[in-house]
Amino acid sequence: MDYNNNYNQNNGQQGYPYYNNQPPINGGYYPYPPQQQYYAPVLSPEERDRKNIKAAGRAAGLCIIMYFALQNLLTIPLLIPTLTKLYLNNLLFQNTIMIVLSICTVMLPFYLAGRRLERKINIPSIPFEKVENKALAISIIALGVFTCLAGNYLTDMWNDLLKSIGLKLTYDSLETPTGAFDRFYYLIAVAIVPAMAEELAMRGVVMQSLRKYGDTFAIITSAVVFGILHANLVQAPFAIIAGIGLGYVVCVTNNIWISVIIHCINNAYSCVVSFMIKDIKDEALLNRVYLITLAVMFAITILGSAYYVFIRKNENITLKKSETTLKTKLKIKAFFGNASMIIAIIIILVNIIRYHSKDFAAFFSSLAK
């Protein structure tokens with residue numbers, strides 16, 4: 001190598017020759033060739049929205065996968081004979097397990113996913129705005145409870161329809177306690193904690209991540225996720241119907257505590273019915289008490305719902321429209337068509353088949369006869 005020539009090319013300064021025959025800056029020299037700059041491609045608004053919806057769907061899918069994985073992982077100790085016996089015979093321990101599972105498998109994964117989505121795609125935080133109009137708050141709670149009651153009624157019709165064709169769906173429920181303290185703790189485990197965990201997850205994370213793309217799309221999508229998360233054909237139809245009502249309530253009030261209250265009332269009502277079934281041995285009396293209770297619930301919620309319709313008309317309450325031109329079909333494909341959500345749906349289908357395996361076996365057996 002001709003060191004003198006290299007030296008001369010840089011006007012007496014040691015280093016590399018000029019890069020692409022460009023003169024040095026401020027009389028200096030280029031010690032190394034400048035690095036090539038790379039720029040991320042500029043996305044169109046539609047592509048950016050589709051990407052963000054896909055991120056929200058991927059997060060929801062991962063949370064569903066974590067839900068089932070953590071349930072299996074956290075219940076492994078219950079396979080120990082001593083703990084199995086304790087779980088089956090001690091309602092306090094059983095309800096404690098229910099509380100732990102609600103927090104660890106629903107609330108925690110979705111909360112962490114929500115924090116990540118806040119940083120990644122800048123979704124709005126969980127809404128806790130104060131509802132100034134007390135009449136609006138009370139009437140919309142009545143509307144939400146009415147939606148849950150209607151969902152229960154429609155679900156019963158659905159189950160009766162399936163029963164009429166020979167498919168009787170069964171559902172595993174916790175044993176109803178008898179003591180005052182046990183029932184109070186049962187209400188906490190079944191009515192309060194699950195309501196808080198599920199509302200934080202569904203209306204607080206899943207729905208909020210989609211509201212930019214239209215409240216209607218966000219409400220229905222989060223309700224479907226809420227339904228499939230239950231992974232059985234008895235609760236899923238009710239969860240979808242109730243989820244639509246709960247989502248609407250949160251979108252109108254921007255306060256998730258309203259949906260938590262409605263969810264708690266619905267779950268507590270189911271607990272009270274189970275207490276009545278446990279305590280009232282006379283079937284005729286039980287039917288009368290149940291029908292009176294149901295009639296009172298419907299009457300109160302229908303009146304409250306009617307008053308909300310009046311308030312809504314006067315205050316011009318409407319759902320927010322989509323801020324994107326992306327078509328609904330593409331939004332659905334982006335949310336449900338990603339790998340995480342597809343895997344989650346497969347897991348759910350497997351769990352549904354496993355959960356209702358005896359019901360399906362009895363149904364196909366009856367068809368074969």
# chains A, B, ... in the order shown; residues from 1 in each chain; ligands from 1
$ select_by_dssp --residues "segment 96-197 of chain A" --states "alpha helix (DSSP H)" --output "PyMOL selection string"
chain A and resi 96-101+108-120+134-164+180-187+193-197
$ residues_around --residues "segment 348-361 of chain A" --least-positions-apart "3" --cutoff "7 Å" --atoms "only C-alpha atoms" --output "JSON, numbers by chain"
{"A": [167, 168, 169, 228, 231, 232, 344, 345, 364, 365]}
$ write_last_selection --atoms "all heavy atoms" --output "tab-separated table (two decimals), in the first residue's frame"
chain	number	residue	atom	x	y	z
A	167	LEU	N	-80.63	-31.99	23.16
A	167	LEU	CA	-79.32	-31.59	23.70
A	167	LEU	C	-79.54	-30.83	25.01
A	167	LEU	O	-79.90	-29.65	25.01
A	167	LEU	CB	-78.56	-30.71	22.71
A	167	LEU	CG	-77.18	-30.20	23.16
A	167	LEU	CD1	-76.27	-31.34	23.56
A	167	LEU	CD2	-76.54	-29.35	22.06
A	168	LYS	N	-79.34	-31.50	26.12
A	168	LYS	CA	-79.51	-30.89	27.44
A	168	LYS	C	-78.14	-30.47	27.96
A	168	LYS	O	-77.28	-31.30	28.22
A	168	LYS	CB	-80.16	-31.89	28.41
A	168	LYS	CG	-80.44	-31.30	29.78
A	168	LYS	CD	-81.11	-32.32	30.70
A	168	LYS	CE	-81.37	-31.73	32.07
A	168	LYS	NZ	-82.01	-32.71	32.98
A	169	LEU	N	-77.97	-29.16	28.09
A	169	LEU	CA	-76.68	-28.63	28.54
A	169	LEU	C	-76.67	-28.53	30.06
A	169	LEU	O	-77.60	-28.02	30.68
A	169	LEU	CB	-76.44	-27.24	27.94
A	169	LEU	CG	-76.34	-27.17	26.41
A	169	LEU	CD1	-76.21	-25.74	25.96
A	169	LEU	CD2	-75.16	-28.01	25.90
A	228	ILE	N	-67.06	-15.62	24.88
A	228	ILE	CA	-66.23	-16.79	24.60
A	228	ILE	C	-65.28	-17.11	25.75
A	228	ILE	O	-64.85	-18.26	25.92
A	228	ILE	CB	-65.44	-16.62	23.28
A	228	ILE	CG1	-64.45	-15.46	23.37
A	228	ILE	CG2	-66.38	-16.44	22.11
A	228	ILE	CD1	-63.60	-15.28	22.12
A	231	ALA	N	-66.36	-19.99	27.96
A	231	ALA	CA	-66.03	-21.32	27.44
A	231	ALA	C	-67.05	-22.40	27.79
A	231	ALA	O	-66.67	-23.54	28.03
A	231	ALA	CB	-64.63	-21.74	27.91
A	232	ASN	N	-68.32	-22.04	27.83
A	232	ASN	CA	-69.37	-23.05	27.92
A	232	ASN	C	-70.62	-22.48	27.28
A	232	ASN	O	-70.82	-21.26	27.23
A	232	ASN	CB	-69.62	-23.51	29.36
A	232	ASN	CG	-70.22	-22.43	30.23
A	232	ASN	OD1	-71.41	-22.15	30.15
A	232	ASN	ND2	-69.40	-21.81	31.08
A	344	ALA	N	-56.33	-18.72	20.75
A	344	ALA	CA	-57.24	-18.60	21.89
A	344	ALA	C	-58.61	-19.21	21.57
A	344	ALA	O	-59.20	-19.92	22.40
A	344	ALA	CB	-57.40	-17.13	22.28
A	345	ILE	N	-59.12	-18.96	20.37
A	345	ILE	CA	-60.42	-19.50	19.98
A	345	ILE	C	-60.37	-21.02	19.89
A	345	ILE	O	-61.31	-21.72	20.31
A	345	ILE	CB	-60.88	-18.89	18.64
A	345	ILE	CG1	-61.21	-17.40	18.84
A	345	ILE	CG2	-62.08	-19.63	18.07
A	345	ILE	CD1	-61.48	-16.64	17.56
A	364	PHE	N	-75.72	-37.40	20.95
A	364	PHE	CA	-75.43	-38.24	19.79
A	364	PHE	C	-75.88	-39.69	20.02
A	364	PHE	O	-76.27	-40.39	19.08
A	364	PHE	CB	-73.95	-38.18	19.43
A	364	PHE	CG	-73.52	-36.87	18.86
A	364	PHE	CD1	-72.60	-36.06	19.51
A	364	PHE	CD2	-74.07	-36.41	17.67
A	364	PHE	CE1	-72.23	-34.84	19.00
A	364	PHE	CE2	-73.69	-35.18	17.13
A	364	PHE	CZ	-72.76	-34.41	17.80
A	365	SER	N	-75.85	-40.10	21.28
A	365	SER	CA	-76.34	-41.44	21.62
A	365	SER	C	-77.85	-41.54	21.37
A	365	SER	O	-78.34	-42.55	20.86
A	365	SER	CB	-76.02	-41.77	23.07
A	365	SER	OG	-76.53	-43.02	23.43
$ atom_distance --atom1 "atom CA of Val131 of chain A" --atom2 "atom CA of Asn255 of chain A"
7.3 Å
$ closest_atom_pairs --of "segment 295-358 of chain A" --to "segment 145-152 of chain A" --cutoff "7 Å" --atoms "only C-alpha atoms" --output "Markdown table"
| residue | atom | partner | partner_atom | distance |
| --- | --- | --- | --- | --- |
| A:Phe298 | CA | A:Phe146 | CA | 6.7 |
| A:Thr301 | CA | A:Phe146 | CA | 5.2 |
| A:Ile302 | CA | A:Phe146 | CA | 6.6 |
$ residues_around --residues "segment 330-335 of chain A" --least-positions-apart "4" --cutoff "6 Å" --atoms "only C-alpha atoms" --output "list in words"
Ile53, Lys54 and Gly57 of chain A
$ closest_atom_pairs --of "segment 128-208 of chain A" --to "segment 110-115 of chain A" --cutoff "8 Å" --atoms "only C-alpha atoms" --output "CSV"
residue,atom,partner,partner_atom,distance
A:Leu200,CA,A:Tyr111,CA,7.3
A:Ala201,CA,A:Phe110,CA,5.2
A:Val205,CA,A:Gly114,CA,5.3
A:Val206,CA,A:Gly114,CA,7.9
$ write_last_selection --atoms "N, CA, C and O atoms" --output "compact mmCIF listing (two decimals), in the first residue's frame"
# COMPACT_ATOMS: atom_id res chain seq x y z
N LEU A 200 -63.04 -4.76 34.62
CA LEU A 200 -61.73 -4.17 34.34
C LEU A 200 -61.16 -4.74 33.05
O LEU A 200 -60.62 -4.01 32.21
N ALA A 201 -61.31 -6.05 32.86
CA ALA A 201 -60.75 -6.72 31.69
C ALA A 201 -61.51 -6.38 30.42
O ALA A 201 -60.92 -5.96 29.41
N VAL A 205 -60.37 -2.69 29.43
CA VAL A 205 -59.20 -2.86 28.57
C VAL A 205 -59.63 -3.16 27.13
O VAL A 205 -59.29 -2.40 26.21
N VAL A 206 -60.34 -4.26 26.93
CA VAL A 206 -60.68 -4.66 25.56
C VAL A 206 -61.51 -3.59 24.87
O VAL A 206 -61.20 -3.17 23.75
$ closest_atom_pairs --of "segment 230-331 of chain A" --to "segment 170-184 of chain A" --cutoff "9 Å" --atoms "only C-alpha atoms" --output "JSON lines"
{"residue": "A:Asn232", "atom": "CA", "partner": "A:Tyr171", "partner_atom": "CA", "distance": 8.2}
{"residue": "A:Leu233", "atom": "CA", "partner": "A:Tyr171", "partner_atom": "CA", "distance": 8.9}
{"residue": "A:Val234", "atom": "CA", "partner": "A:Tyr171", "partner_atom": "CA", "distance": 6.7}
{"residue": "A:Gln235", "atom": "CA", "partner": "A:Tyr171", "partner_atom": "CA", "distance": 8.5}
{"residue": "A:Cys271", "atom": "CA", "partner": "A:Thr176", "partner_atom": "CA", "distance": 8.2}
{"residue": "A:Ser274", "atom": "CA", "partner": "A:Thr176", "partner_atom": "CA", "distance": 6.6}
{"residue": "A:Phe275", "atom": "CA", "partner": "A:Thr176", "partner_atom": "CA", "distance": 6.8}
{"residue": "A:Lys278", "atom": "CA", "partner": "A:Thr176", "partner_atom": "CA", "distance": 7.1}
{"residue": "A:Asp279", "atom": "CA", "partner": "A:Thr178", "partner_atom": "CA", "distance": 8.3}
$ residues_around --residues "segment 96-108 of chain A" --least-positions-apart "6" --cutoff "6 Å" --atoms "only C-alpha atoms" --output "PyMOL selection string"
chain A and resi 67+70+189+194+197
$ write_last_selection --atoms "C-alpha atoms" --output "short mmCIF file (atom, residue, chain, number, x, y, z; two decimals), in the first residue's frame"
data_model
loop_
_atom_site.label_atom_id
_atom_site.label_comp_id
_atom_site.auth_asym_id
_atom_site.auth_seq_id
_atom_site.Cartn_x
_atom_site.Cartn_y
_atom_site.Cartn_z
CA TYR A 67 -56.41 -17.18 31.50
CA LEU A 70 -52.94 -19.85 34.74
CA ALA A 189 -66.31 -14.58 45.83
CA PRO A 194 -65.54 -11.50 39.56
CA ALA A 197 -62.13 -8.38 37.55
#
$ atom_distance --atom1 "atom CA of Ala242 of chain A" --atom2 "atom CA of His263 of chain A"
8.7 Å
$ residues_around --residues "segment 306-314 of chain A" --least-positions-apart "5" --cutoff "10 Å" --atoms "only C-alpha atoms" --output "number ranges by chain"
A: 133, 135-143, 252, 301
$ atom_distance --atom1 "atom CA of Met66 of chain A" --atom2 "atom CA of Val249 of chain A"
27.7 Å
$ closest_residue --among "A:Ala195, A:Lys320, A:Met276, A:Ile240" --to "Leu291 of chain A" --atoms "only C-alpha atoms"
A:Met276
$ closest_residue --among "A:Ile262, A:Leu78, A:Val272, A:Leu210" --to "Ser322 of chain A" --atoms "only C-alpha atoms"
A:Leu210
$ closest_residue --among "A:Ile265, A:Ile64, A:Leu285, A:Leu326" --to "Ser340 of chain A" --atoms "only C-alpha atoms"
A:Ile64
$ decode --residues "segment 76-130 of chain A" --atoms "C-alpha atoms" --output "compact mmCIF listing (two decimals), in the first residue's frame"
# COMPACT_ATOMS: atom_id res chain seq x y z
CA ILE A 76 -52.33 -28.07 40.12
CA PRO A 77 -51.84 -28.05 43.94
CA LEU A 78 -55.50 -29.06 44.28
CA LEU A 79 -54.53 -32.45 42.85
CA ILE A 80 -52.83 -33.20 46.16
CA PRO A 81 -55.31 -35.50 47.97
CA THR A 82 -55.33 -33.40 51.15
CA LEU A 83 -56.08 -30.17 49.26
CA THR A 84 -58.61 -31.93 47.03
CA LYS A 85 -60.53 -33.07 50.09
CA LEU A 86 -60.27 -29.59 51.63
CA TYR A 87 -61.55 -27.96 48.43
CA LEU A 88 -64.54 -30.30 48.14
CA ASN A 89 -65.54 -30.09 51.81
CA ASN A 90 -64.63 -26.57 52.90
CA LEU A 91 -66.68 -23.79 51.28
CA LEU A 92 -64.47 -21.06 52.77
CA PHE A 93 -61.39 -22.56 51.09
CA GLN A 94 -63.34 -23.13 47.87
CA ASN A 95 -64.48 -19.50 47.70
CA THR A 96 -60.97 -18.28 48.51
CA ILE A 97 -59.68 -20.22 45.52
CA MET A 98 -62.38 -18.56 43.38
CA ILE A 99 -61.23 -15.11 44.51
CA VAL A 100 -57.57 -15.90 43.81
CA LEU A 101 -58.41 -17.25 40.34
CA SER A 102 -60.50 -14.18 39.45
CA ILE A 103 -57.67 -11.84 40.39
CA CYS A 104 -54.75 -13.84 38.98
CA THR A 105 -56.28 -15.20 35.77
CA VAL A 106 -58.53 -12.32 34.68
CA MET A 107 -57.72 -9.04 36.41
CA LEU A 108 -53.92 -9.24 36.39
CA PRO A 109 -53.26 -10.37 32.75
CA PHE A 110 -55.73 -7.90 31.24
CA TYR A 111 -54.50 -5.05 33.46
CA LEU A 112 -50.90 -5.64 32.33
CA ALA A 113 -52.07 -5.90 28.71
CA GLY A 114 -53.91 -2.60 29.10
CA ARG A 115 -50.82 -0.83 30.42
CA ARG A 116 -48.81 -2.15 27.50
CA LEU A 117 -51.45 -1.03 24.98
CA GLU A 118 -51.48 2.43 26.56
CA ARG A 119 -47.78 2.75 25.73
CA LYS A 120 -47.86 0.98 22.37
CA ILE A 121 -50.97 2.32 20.62
CA ASN A 122 -51.98 5.08 23.05
CA ILE A 123 -55.39 3.70 24.07
CA PRO A 124 -57.43 5.72 26.58
CA SER A 125 -57.12 4.84 30.24
CA ILE A 126 -59.88 3.00 32.12
CA PRO A 127 -62.70 5.57 32.51
CA PHE A 128 -63.56 6.71 36.03
CA GLU A 129 -65.32 9.99 35.23
CA LYS A 130 -67.81 11.15 37.84
